[in-house]
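Okay, structure first, notes after.
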Amino acid sequence: DLSKMGNAYGIDFGTSNLKIYDNSSDTILNISNTIAVVDGDQMYSYGDDAYSMYEKAPDNIEVSFPVSCGVIADFDNMQTMVLKILEKDLGARLKNSDITVAVPTDITEVEKKAFQDLFLKSKVKFKNVKLCEKPIADALGIGLDVTEPTGVMIVDIGGDTTEISVISLGGLVQTQLLEFGGNLLDES
């Protein structure tokens with residue numbers, strides 16, 4: 001429960017959008033999960049500015065999406081980008097802060113650990129870095145009581161994936177991650 005923590009941030013890494021909840025201001029930053037890199041390894045731009053360059057950038061600037069099918073595809077640039085967004089765009093005091101990351105359920109433990117490592121393997125010393133399954137975070141985010149002994153179905157259509165889950169008594173009863181989402185719907 002982020003509302004009871006002092007300096008805490010909830011983060012949802014989506015294929016298309018990165019969402020960060022800042023409990024101190026009770027706000028959500030929703031930014032394009034896009035990175036523009038120049039000369040192979042220097043971040044040129046990120047977020048909405050980088051997305052505006054997509055398919056329009058010159059050859060020396062590569063615009064990419066660091067999350068693919070629910071997992072981190074570009075660890076180093078994703079780490080640089082999320083820390084910069086937290087510090088620059090949110091003015092976050094990261095030292096000793098609590099981070100909760102929403103992760104898909106149908107990914108491997110190694111893929112889940114990569115989300116935690118974005119913060120644990122950075123130069124900043126965080127107080128806690130925890131993972132929360134996305135369907136649980138989705139249900140709590142829309143105000144559902146997930147502790148009831150009734151089934152709640154959550155359908156989360158993302159850019160590359162669709163996650164369908166049934167929650168009851170505070171846990172996942174059934175979940176399925178399908179590898180299609182809004183991008184494929186747009187193309188179709």
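In the structure tokens, chains take the letters A, B, ... in the order shown, each chain's residues start at 1, and ligands count up from 1 in the order shown.
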
Running DSSP on the backbone, which parts of segment 40-176 of chain A land in strand (DSSP E or B), as a tab-separated table (two decimals) with all heavy atoms, in the first residue's frame?
```
chain	number	residue	atom	x	y	z
A	42	GLN	N	24.40	6.79	-26.62
A	42	GLN	CA	24.12	8.04	-25.91
A	42	GLN	C	22.64	8.39	-26.01
A	42	GLN	O	22.12	8.54	-27.12
A	42	GLN	CB	24.95	9.19	-26.49
A	42	GLN	CG	26.45	9.02	-26.31
A	42	GLN	CD	26.86	9.07	-24.86
A	42	GLN	OE1	26.36	9.88	-24.08
A	42	GLN	NE2	27.77	8.19	-24.47
A	43	MET	N	21.97	8.51	-24.85
A	43	MET	CA	20.55	8.85	-24.90
A	43	MET	C	20.39	10.27	-25.42
A	43	MET	O	20.98	11.21	-24.90
A	43	MET	CB	19.90	8.72	-23.53
A	43	MET	CG	18.40	8.96	-23.61
A	43	MET	SD	17.52	8.68	-22.09
A	43	MET	CE	17.72	6.96	-21.88
A	44	TYR	N	19.63	10.41	-26.47
A	44	TYR	CA	19.39	11.69	-27.12
A	44	TYR	C	18.09	12.30	-26.61
A	44	TYR	O	18.00	13.49	-26.34
A	44	TYR	CB	19.34	11.49	-28.63
A	44	TYR	CG	19.09	12.74	-29.43
A	44	TYR	CD1	20.11	13.65	-29.64
A	44	TYR	CD2	17.84	13.01	-29.98
A	44	TYR	CE1	19.89	14.81	-30.38
A	44	TYR	CE2	17.60	14.15	-30.71
A	44	TYR	CZ	18.63	15.05	-30.91
A	44	TYR	OH	18.41	16.19	-31.64
A	45	SER	N	17.08	11.45	-26.46
A	45	SER	CA	15.78	11.90	-26.01
A	45	SER	C	15.02	10.70	-25.48
A	45	SER	O	15.40	9.55	-25.71
A	45	SER	CB	15.03	12.54	-27.18
A	45	SER	OG	13.80	13.07	-26.75
A	46	TYR	N	13.93	10.95	-24.76
A	46	TYR	CA	13.11	9.87	-24.24
A	46	TYR	C	11.67	10.35	-24.13
A	46	TYR	O	11.37	11.54	-24.25
A	46	TYR	CB	13.63	9.40	-22.87
A	46	TYR	CG	13.59	10.45	-21.80
A	46	TYR	CD1	12.45	10.63	-21.02
A	46	TYR	CD2	14.67	11.29	-21.56
A	46	TYR	CE1	12.39	11.61	-20.05
A	46	TYR	CE2	14.62	12.27	-20.59
A	46	TYR	CZ	13.48	12.41	-19.83
A	46	TYR	OH	13.42	13.39	-18.87
A	61	ILE	N	20.35	8.40	-35.40
A	61	ILE	CA	19.50	8.34	-34.20
A	61	ILE	C	18.57	7.14	-34.32
A	61	ILE	O	17.80	7.03	-35.27
A	61	ILE	CB	18.66	9.63	-34.03
A	61	ILE	CG1	19.57	10.85	-33.85
A	61	ILE	CG2	17.71	9.49	-32.83
A	61	ILE	CD1	18.84	12.17	-33.78
A	62	GLU	N	18.68	6.24	-33.33
A	62	GLU	CA	17.83	5.06	-33.31
A	62	GLU	C	16.73	5.25	-32.27
A	62	GLU	O	17.00	5.50	-31.10
A	62	GLU	CB	18.64	3.81	-32.96
A	62	GLU	CG	17.80	2.56	-32.92
A	62	GLU	CD	18.55	1.36	-32.36
A	62	GLU	OE1	19.77	1.45	-32.14
A	62	GLU	OE2	17.89	0.33	-32.13
A	63	VAL	N	15.48	5.16	-32.73
A	63	VAL	CA	14.33	5.30	-31.83
A	63	VAL	C	13.77	3.91	-31.58
A	63	VAL	O	13.49	3.16	-32.51
A	63	VAL	CB	13.26	6.23	-32.42
A	63	VAL	CG1	12.06	6.34	-31.49
A	63	VAL	CG2	13.84	7.61	-32.72
A	64	SER	N	13.64	3.54	-30.29
A	64	SER	CA	13.18	2.18	-29.99
A	64	SER	C	12.30	2.17	-28.75
A	64	SER	O	12.23	3.14	-28.00
A	64	SER	CB	14.38	1.25	-29.77
A	64	SER	OG	15.11	1.66	-28.63
A	67	VAL	N	10.67	-1.92	-23.94
A	67	VAL	CA	9.89	-3.05	-23.43
A	67	VAL	C	9.19	-3.70	-24.62
A	67	VAL	O	8.58	-3.03	-25.44
A	67	VAL	CB	8.86	-2.61	-22.36
A	67	VAL	CG1	7.98	-3.78	-21.95
A	67	VAL	CG2	9.57	-2.03	-21.15
A	68	SER	N	9.32	-5.02	-24.71
A	68	SER	CA	8.70	-5.76	-25.80
A	68	SER	C	8.00	-6.98	-25.24
A	68	SER	O	8.59	-7.75	-24.47
A	68	SER	CB	9.77	-6.18	-26.82
A	68	SER	OG	9.22	-6.95	-27.85
A	71	VAL	N	8.32	-7.64	-21.45
A	71	VAL	CA	9.63	-7.79	-20.80
A	71	VAL	C	10.61	-6.72	-21.29
A	71	VAL	O	10.42	-6.14	-22.36
A	71	VAL	CB	10.24	-9.20	-21.02
A	71	VAL	CG1	9.36	-10.26	-20.40
A	71	VAL	CG2	10.47	-9.49	-22.48
A	72	ILE	N	11.65	-6.49	-20.51
A	72	ILE	CA	12.65	-5.48	-20.85
A	72	ILE	C	13.54	-6.00	-21.97
A	72	ILE	O	14.20	-7.03	-21.83
A	72	ILE	CB	13.49	-5.09	-19.62
A	72	ILE	CG1	12.59	-4.52	-18.53
A	72	ILE	CG2	14.58	-4.10	-20.01
A	72	ILE	CD1	13.28	-4.35	-17.20
A	98	ASP	N	10.85	3.97	-1.66
A	98	ASP	CA	10.24	2.66	-1.92
A	98	ASP	C	9.75	2.61	-3.36
A	98	ASP	O	9.06	3.54	-3.82
A	98	ASP	CB	9.06	2.43	-0.98
A	98	ASP	CG	9.49	2.26	0.45
A	98	ASP	OD1	10.14	1.24	0.75
A	98	ASP	OD2	9.17	3.14	1.29
A	99	ILE	N	10.08	1.54	-4.05
A	99	ILE	CA	9.66	1.35	-5.44
A	99	ILE	C	8.84	0.07	-5.51
A	99	ILE	O	9.26	-0.98	-5.01
A	99	ILE	CB	10.88	1.21	-6.39
A	99	ILE	CG1	11.80	2.43	-6.31
A	99	ILE	CG2	10.43	0.93	-7.81
A	99	ILE	CD1	11.27	3.68	-6.96
A	100	THR	N	7.67	0.15	-6.13
A	100	THR	CA	6.86	-1.04	-6.40
A	100	THR	C	6.65	-1.10	-7.91
A	100	THR	O	6.17	-0.14	-8.51
A	100	THR	CB	5.50	-0.99	-5.68
A	100	THR	OG1	5.73	-0.87	-4.28
A	100	THR	CG2	4.70	-2.25	-5.94
A	101	VAL	N	7.04	-2.23	-8.51
A	101	VAL	CA	6.96	-2.40	-9.95
A	101	VAL	C	5.89	-3.44	-10.27
A	101	VAL	O	5.93	-4.56	-9.75
A	101	VAL	CB	8.32	-2.85	-10.54
A	101	VAL	CG1	8.23	-2.98	-12.05
A	101	VAL	CG2	9.42	-1.88	-10.16
A	102	ALA	N	4.95	-3.07	-11.14
A	102	ALA	CA	3.93	-4.02	-11.60
A	102	ALA	C	4.52	-4.84	-12.73
A	102	ALA	O	5.07	-4.29	-13.69
A	102	ALA	CB	2.70	-3.26	-12.08
A	103	VAL	N	4.44	-6.17	-12.60
A	103	VAL	CA	5.03	-7.06	-13.61
A	103	VAL	C	3.98	-8.04	-14.14
A	103	VAL	O	3.09	-8.44	-13.40
A	103	VAL	CB	6.24	-7.85	-13.06
A	103	VAL	CG1	7.38	-6.92	-12.70
A	103	VAL	CG2	5.85	-8.70	-11.87
A	128	ASN	N	13.40	0.01	-0.54
A	128	ASN	CA	12.77	-1.25	-0.94
A	128	ASN	C	12.45	-1.22	-2.42
A	128	ASN	O	12.05	-0.17	-2.94
A	128	ASN	CB	11.42	-1.47	-0.20
A	128	ASN	CG	11.60	-1.77	1.26
A	128	ASN	OD1	12.27	-2.73	1.61
A	128	ASN	ND2	11.01	-0.94	2.11
A	129	VAL	N	12.62	-2.36	-3.06
A	129	VAL	CA	12.19	-2.53	-4.45
A	129	VAL	C	11.37	-3.81	-4.48
A	129	VAL	O	11.91	-4.89	-4.28
A	129	VAL	CB	13.38	-2.60	-5.43
A	129	VAL	CG1	12.88	-2.80	-6.85
A	129	VAL	CG2	14.25	-1.37	-5.33
A	130	LYS	N	10.07	-3.66	-4.68
A	130	LYS	CA	9.17	-4.81	-4.65
A	130	LYS	C	8.47	-4.98	-5.99
A	130	LYS	O	8.27	-4.02	-6.72
A	130	LYS	CB	8.11	-4.63	-3.55
A	130	LYS	CG	8.70	-4.57	-2.17
A	130	LYS	CD	7.63	-4.36	-1.14
A	130	LYS	CE	8.25	-4.26	0.26
A	130	LYS	NZ	7.27	-3.98	1.28
A	131	LEU	N	8.08	-6.23	-6.25
A	131	LEU	CA	7.32	-6.54	-7.45
A	131	LEU	C	5.88	-6.84	-7.06
A	131	LEU	O	5.62	-7.42	-6.01
A	131	LEU	CB	7.91	-7.75	-8.17
A	131	LEU	CG	9.37	-7.63	-8.62
A	131	LEU	CD1	9.81	-8.91	-9.32
A	131	LEU	CD2	9.58	-6.43	-9.52
A	132	CYS	N	4.94	-6.45	-7.91
A	132	CYS	CA	3.53	-6.72	-7.71
A	132	CYS	C	2.98	-7.23	-9.05
A	132	CYS	O	3.31	-6.67	-10.10
A	132	CYS	CB	2.80	-5.45	-7.31
A	132	CYS	SG	1.01	-5.63	-7.17
A	133	GLU	N	2.19	-8.28	-9.02
A	133	GLU	CA	1.63	-8.79	-10.26
A	133	GLU	C	0.66	-7.77	-10.84
A	133	GLU	O	-0.18	-7.21	-10.14
A	133	GLU	CB	0.94	-10.13	-10.00
A	133	GLU	CG	1.95	-11.21	-9.63
A	133	GLU	CD	1.30	-12.47	-9.09
A	133	GLU	OE1	0.32	-12.36	-8.31
A	133	GLU	OE2	1.77	-13.55	-9.44
A	152	VAL	N	-13.03	-11.99	-9.72
A	152	VAL	CA	-12.96	-10.72	-10.44
A	152	VAL	C	-12.09	-10.97	-11.68
A	152	VAL	O	-10.96	-11.45	-11.56
A	152	VAL	CB	-12.32	-9.62	-9.57
A	152	VAL	CG1	-12.14	-8.34	-10.37
A	152	VAL	CG2	-13.13	-9.37	-8.33
A	153	MET	N	-12.63	-10.67	-12.87
A	153	MET	CA	-11.84	-10.84	-14.09
A	153	MET	C	-11.26	-9.50	-14.51
A	153	MET	O	-11.96	-8.50	-14.56
A	153	MET	CB	-12.68	-11.41	-15.23
A	153	MET	CG	-11.87	-11.58	-16.51
A	153	MET	SD	-12.82	-12.27	-17.87
A	153	MET	CE	-12.75	-14.00	-17.44
A	154	ILE	N	-9.97	-9.51	-14.78
A	154	ILE	CA	-9.26	-8.32	-15.24
A	154	ILE	C	-8.72	-8.63	-16.63
A	154	ILE	O	-8.05	-9.64	-16.84
A	154	ILE	CB	-8.07	-7.97	-14.31
A	154	ILE	CG1	-8.55	-7.67	-12.89
A	154	ILE	CG2	-7.26	-6.81	-14.87
A	154	ILE	CD1	-9.32	-6.39	-12.73
A	155	VAL	N	-9.02	-7.75	-17.60
A	155	VAL	CA	-8.47	-7.88	-18.95
A	155	VAL	C	-7.66	-6.62	-19.22
A	155	VAL	O	-8.20	-5.52	-19.23
A	155	VAL	CB	-9.58	-8.04	-20.01
A	155	VAL	CG1	-8.98	-8.15	-21.41
A	155	VAL	CG2	-10.44	-9.26	-19.71
A	156	ASP	N	-6.36	-6.78	-19.37
A	156	ASP	CA	-5.44	-5.67	-19.59
A	156	ASP	C	-4.89	-5.77	-21.01
A	156	ASP	O	-4.07	-6.63	-21.31
A	156	ASP	CB	-4.31	-5.74	-18.55
A	156	ASP	CG	-3.32	-4.59	-18.65
A	156	ASP	OD1	-3.36	-3.84	-19.65
A	156	ASP	OD2	-2.52	-4.43	-17.73
A	157	ILE	N	-5.36	-4.88	-21.89
A	157	ILE	CA	-4.89	-4.88	-23.27
A	157	ILE	C	-3.78	-3.85	-23.38
A	157	ILE	O	-4.03	-2.65	-23.26
A	157	ILE	CB	-6.03	-4.56	-24.27
A	157	ILE	CG1	-7.15	-5.58	-24.12
A	157	ILE	CG2	-5.49	-4.54	-25.70
A	157	ILE	CD1	-8.38	-5.29	-24.96
A	162	THR	N	-1.92	-9.01	-24.23
A	162	THR	CA	-3.20	-8.92	-23.53
A	162	THR	C	-3.15	-9.93	-22.40
A	162	THR	O	-2.87	-11.11	-22.63
A	162	THR	CB	-4.38	-9.25	-24.48
A	162	THR	OG1	-4.40	-8.27	-25.52
A	162	THR	CG2	-5.70	-9.22	-23.74
A	163	GLU	N	-3.38	-9.46	-21.17
A	163	GLU	CA	-3.33	-10.32	-20.00
A	163	GLU	C	-4.74	-10.45	-19.43
A	163	GLU	O	-5.37	-9.45	-19.10
A	163	GLU	CB	-2.37	-9.75	-18.96
A	163	GLU	CG	-2.06	-10.70	-17.84
A	163	GLU	CD	-0.85	-10.25	-17.02
A	163	GLU	OE1	-0.50	-9.05	-17.04
A	163	GLU	OE2	-0.26	-11.11	-16.36
A	164	ILE	N	-5.22	-11.69	-19.35
A	164	ILE	CA	-6.54	-11.97	-18.83
A	164	ILE	C	-6.37	-12.76	-17.54
A	164	ILE	O	-5.70	-13.80	-17.53
A	164	ILE	CB	-7.39	-12.78	-19.84
A	164	ILE	CG1	-7.47	-12.03	-21.16
A	164	ILE	CG2	-8.78	-13.05	-19.27
A	164	ILE	CD1	-8.05	-12.84	-22.30
A	165	SER	N	-6.93	-12.26	-16.44
A	165	SER	CA	-6.72	-12.88	-15.13
A	165	SER	C	-8.01	-12.91	-14.33
A	165	SER	O	-8.86	-12.03	-14.46
A	165	SER	CB	-5.68	-12.10	-14.33
A	165	SER	OG	-4.49	-11.94	-15.07
A	166	VAL	N	-8.13	-13.94	-13.48
A	166	VAL	CA	-9.21	-14.03	-12.52
A	166	VAL	C	-8.58	-13.97	-11.14
A	166	VAL	O	-7.64	-14.72	-10.83
A	166	VAL	CB	-10.04	-15.32	-12.69
A	166	VAL	CG1	-11.10	-15.42	-11.60
A	166	VAL	CG2	-10.67	-15.37	-14.07
A	167	ILE	N	-9.10	-13.05	-10.29
A	167	ILE	CA	-8.56	-12.82	-8.95
A	167	ILE	C	-9.64	-13.16	-7.93
A	167	ILE	O	-10.81	-12.82	-8.13
A	167	ILE	CB	-8.15	-11.35	-8.78
A	167	ILE	CG1	-7.07	-10.97	-9.80
A	167	ILE	CG2	-7.66	-11.08	-7.36
A	167	ILE	CD1	-6.83	-9.49	-9.90
A	168	SER	N	-9.25	-13.82	-6.86
A	168	SER	CA	-10.16	-14.09	-5.75
A	168	SER	C	-9.33	-14.26	-4.49
A	168	SER	O	-8.22	-14.78	-4.53
A	168	SER	CB	-10.97	-15.35	-6.02
A	168	SER	OG	-11.89	-15.59	-4.97
A	171	GLY	N	-5.52	-13.28	-4.43
A	171	GLY	CA	-4.52	-13.93	-5.27
A	171	GLY	C	-5.05	-14.23	-6.66
A	171	GLY	O	-6.24	-14.09	-6.94
A	172	LEU	N	-4.15	-14.67	-7.51
A	172	LEU	CA	-4.52	-15.02	-8.88
A	172	LEU	C	-5.03	-16.46	-8.92
A	172	LEU	O	-4.34	-17.38	-8.48
A	172	LEU	CB	-3.32	-14.88	-9.81
A	172	LEU	CG	-2.86	-13.46	-10.07
A	172	LEU	CD1	-1.53	-13.45	-10.78
A	172	LEU	CD2	-3.89	-12.72	-10.89
A	173	VAL	N	-6.23	-16.65	-9.44
A	173	VAL	CA	-6.80	-17.99	-9.61
A	173	VAL	C	-6.36	-18.55	-10.95
A	173	VAL	O	-5.95	-19.70	-11.06
A	173	VAL	CB	-8.34	-17.94	-9.52
A	173	VAL	CG1	-8.93	-19.32	-9.77
A	173	VAL	CG2	-8.77	-17.40	-8.17
A	174	GLN	N	-6.42	-17.71	-11.96
A	174	GLN	CA	-6.08	-18.13	-13.34
A	174	GLN	C	-5.57	-16.90	-14.08
A	174	GLN	O	-6.08	-15.80	-13.89
A	174	GLN	CB	-7.33	-18.68	-14.03
A	174	GLN	CG	-7.11	-19.27	-15.40
A	174	GLN	CD	-6.41	-20.62	-15.35
A	174	GLN	OE1	-6.50	-21.33	-14.37
A	174	GLN	NE2	-5.71	-20.96	-16.40
A	175	THR	N	-4.57	-17.10	-14.92
A	175	THR	CA	-4.08	-15.98	-15.73
A	175	THR	C	-3.53	-16.50	-17.05
A	175	THR	O	-3.01	-17.62	-17.12
A	175	THR	CB	-3.01	-15.17	-14.97
A	175	THR	OG1	-2.70	-13.99	-15.71
A	175	THR	CG2	-1.74	-15.95	-14.73
A	176	GLN	N	-3.68	-15.70	-18.07
A	176	GLN	CA	-3.19	-16.05	-19.41
A	176	GLN	C	-2.65	-14.79	-20.06
A	176	GLN	O	-3.33	-13.76	-20.08
A	176	GLN	CB	-4.34	-16.62	-20.26
A	176	GLN	CG	-3.95	-17.05	-21.65
A	176	GLN	CD	-3.31	-18.42	-21.67
A	176	GLN	OE1	-3.76	-19.31	-20.97
A	176	GLN	NE2	-2.28	-18.60	-22.45
```

Practice prompt. Report as a PyMOL selection string: the residues of chain A with a DSSP assignment of helix (DSSP H, G or I), based on the backbone of this structure.
Written response: chain A and resi 2-4+47-53+75-89+109-120+134-141+182-187

Prev. selection, C-alpha atoms, output as a PDB file, in the first residue's frame:
```pdb
ATOM      1  CA  LEU A   2       1.911   3.017  -1.329  1.00  0.00           C
ATOM      2  CA  SER A   3      -0.379   5.509   0.416  1.00  0.00           C
ATOM      3  CA  LYS A   4       1.135   4.572   3.815  1.00  0.00           C
ATOM      4  CA  GLY A  47       9.388   9.727 -23.671  1.00  0.00           C
ATOM      5  CA  ASP A  48       6.997  11.744 -25.802  1.00  0.00           C
ATOM      6  CA  ASP A  49       9.852  13.695 -27.439  1.00  0.00           C
ATOM      7  CA  ALA A  50      11.503  10.461 -28.581  1.00  0.00           C
ATOM      8  CA  TYR A  51       8.166   9.053 -29.766  1.00  0.00           C
ATOM      9  CA  SER A  52       7.627  12.137 -31.966  1.00  0.00           C
ATOM     10  CA  MET A  53      10.862  11.130 -33.771  1.00  0.00           C
ATOM     11  CA  PHE A  75      18.044  -2.932 -20.005  1.00  0.00           C
ATOM     12  CA  ASP A  76      20.721  -0.208 -19.988  1.00  0.00           C
ATOM     13  CA  ASN A  77      18.691   2.436 -21.803  1.00  0.00           C
ATOM     14  CA  MET A  78      15.540   1.550 -19.843  1.00  0.00           C
ATOM     15  CA  GLN A  79      17.450   1.999 -16.576  1.00  0.00           C
ATOM     16  CA  THR A  80      18.872   5.354 -17.689  1.00  0.00           C
ATOM     17  CA  MET A  81      15.467   6.536 -18.870  1.00  0.00           C
ATOM     18  CA  VAL A  82      13.424   5.572 -15.795  1.00  0.00           C
ATOM     19  CA  LEU A  83      15.924   7.130 -13.372  1.00  0.00           C
ATOM     20  CA  LYS A  84      16.042  10.316 -15.460  1.00  0.00           C
ATOM     21  CA  ILE A  85      12.223  10.505 -15.563  1.00  0.00           C
ATOM     22  CA  LEU A  86      12.010  10.017 -11.806  1.00  0.00           C
ATOM     23  CA  GLU A  87      14.637  12.668 -11.053  1.00  0.00           C
ATOM     24  CA  LYS A  88      14.006  15.210 -13.824  1.00  0.00           C
ATOM     25  CA  ASP A  89      10.294  14.947 -14.623  1.00  0.00           C
ATOM     26  CA  GLU A 109      11.611 -15.346 -12.887  1.00  0.00           C
ATOM     27  CA  VAL A 110      14.700 -14.032 -14.714  1.00  0.00           C
ATOM     28  CA  GLU A 111      12.527 -11.583 -16.668  1.00  0.00           C
ATOM     29  CA  LYS A 112      10.799 -10.488 -13.437  1.00  0.00           C
ATOM     30  CA  LYS A 113      14.171 -10.020 -11.729  1.00  0.00           C
ATOM     31  CA  ALA A 114      15.253  -7.671 -14.544  1.00  0.00           C
ATOM     32  CA  PHE A 115      12.519  -5.221 -13.484  1.00  0.00           C
ATOM     33  CA  GLN A 116      13.868  -5.262  -9.917  1.00  0.00           C
ATOM     34  CA  ASP A 117      17.481  -5.023 -11.105  1.00  0.00           C
ATOM     35  CA  LEU A 118      16.736  -1.749 -12.930  1.00  0.00           C
ATOM     36  CA  PHE A 119      16.721  -0.209  -9.457  1.00  0.00           C
ATOM     37  CA  LEU A 120      18.850  -2.590  -7.383  1.00  0.00           C
ATOM     38  CA  LYS A 134      -0.005  -6.490 -12.816  1.00  0.00           C
ATOM     39  CA  PRO A 135      -3.546  -7.923 -12.527  1.00  0.00           C
ATOM     40  CA  ILE A 136      -3.528  -7.317  -8.756  1.00  0.00           C
ATOM     41  CA  ALA A 137      -2.227  -3.771  -9.287  1.00  0.00           C
ATOM     42  CA  ASP A 138      -4.886  -3.208 -11.999  1.00  0.00           C
ATOM     43  CA  ALA A 139      -7.706  -4.351  -9.710  1.00  0.00           C
ATOM     44  CA  LEU A 140      -6.483  -2.252  -6.775  1.00  0.00           C
ATOM     45  CA  GLY A 141      -5.972   0.732  -9.079  1.00  0.00           C
ATOM     46  CA  GLY A 182      -3.217  -2.767 -29.350  1.00  0.00           C
ATOM     47  CA  ASN A 183      -0.359  -2.568 -31.859  1.00  0.00           C
ATOM     48  CA  LEU A 184      -1.556  -5.702 -33.697  1.00  0.00           C
ATOM     49  CA  LEU A 185      -5.157  -4.457 -33.540  1.00  0.00           C
ATOM     50  CA  ASP A 186      -4.043  -1.161 -35.122  1.00  0.00           C
ATOM     51  CA  GLU A 187      -2.150  -2.994 -37.878  1.00  0.00           C
TER      52      GLU A 187
END
```

Response to the item:
Using only C-alpha atoms, the best pick from A:Leu169, A:Leu94, A:Val124, A:Ile11 as closest to Thr27 of chain A would be A:Ile11

Worksheet item: In Å to one decimal, how far is atom CA of Cys69 of chain A from atom CA of Asp39 of chain A?
Response: 26.0 Å

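Among the candidates A:Ser16, A:Ser122, A:Ser25, A:Ser97, the one nearest to Pro66 of chain A when counting only C-alpha atoms is A:Ser16.
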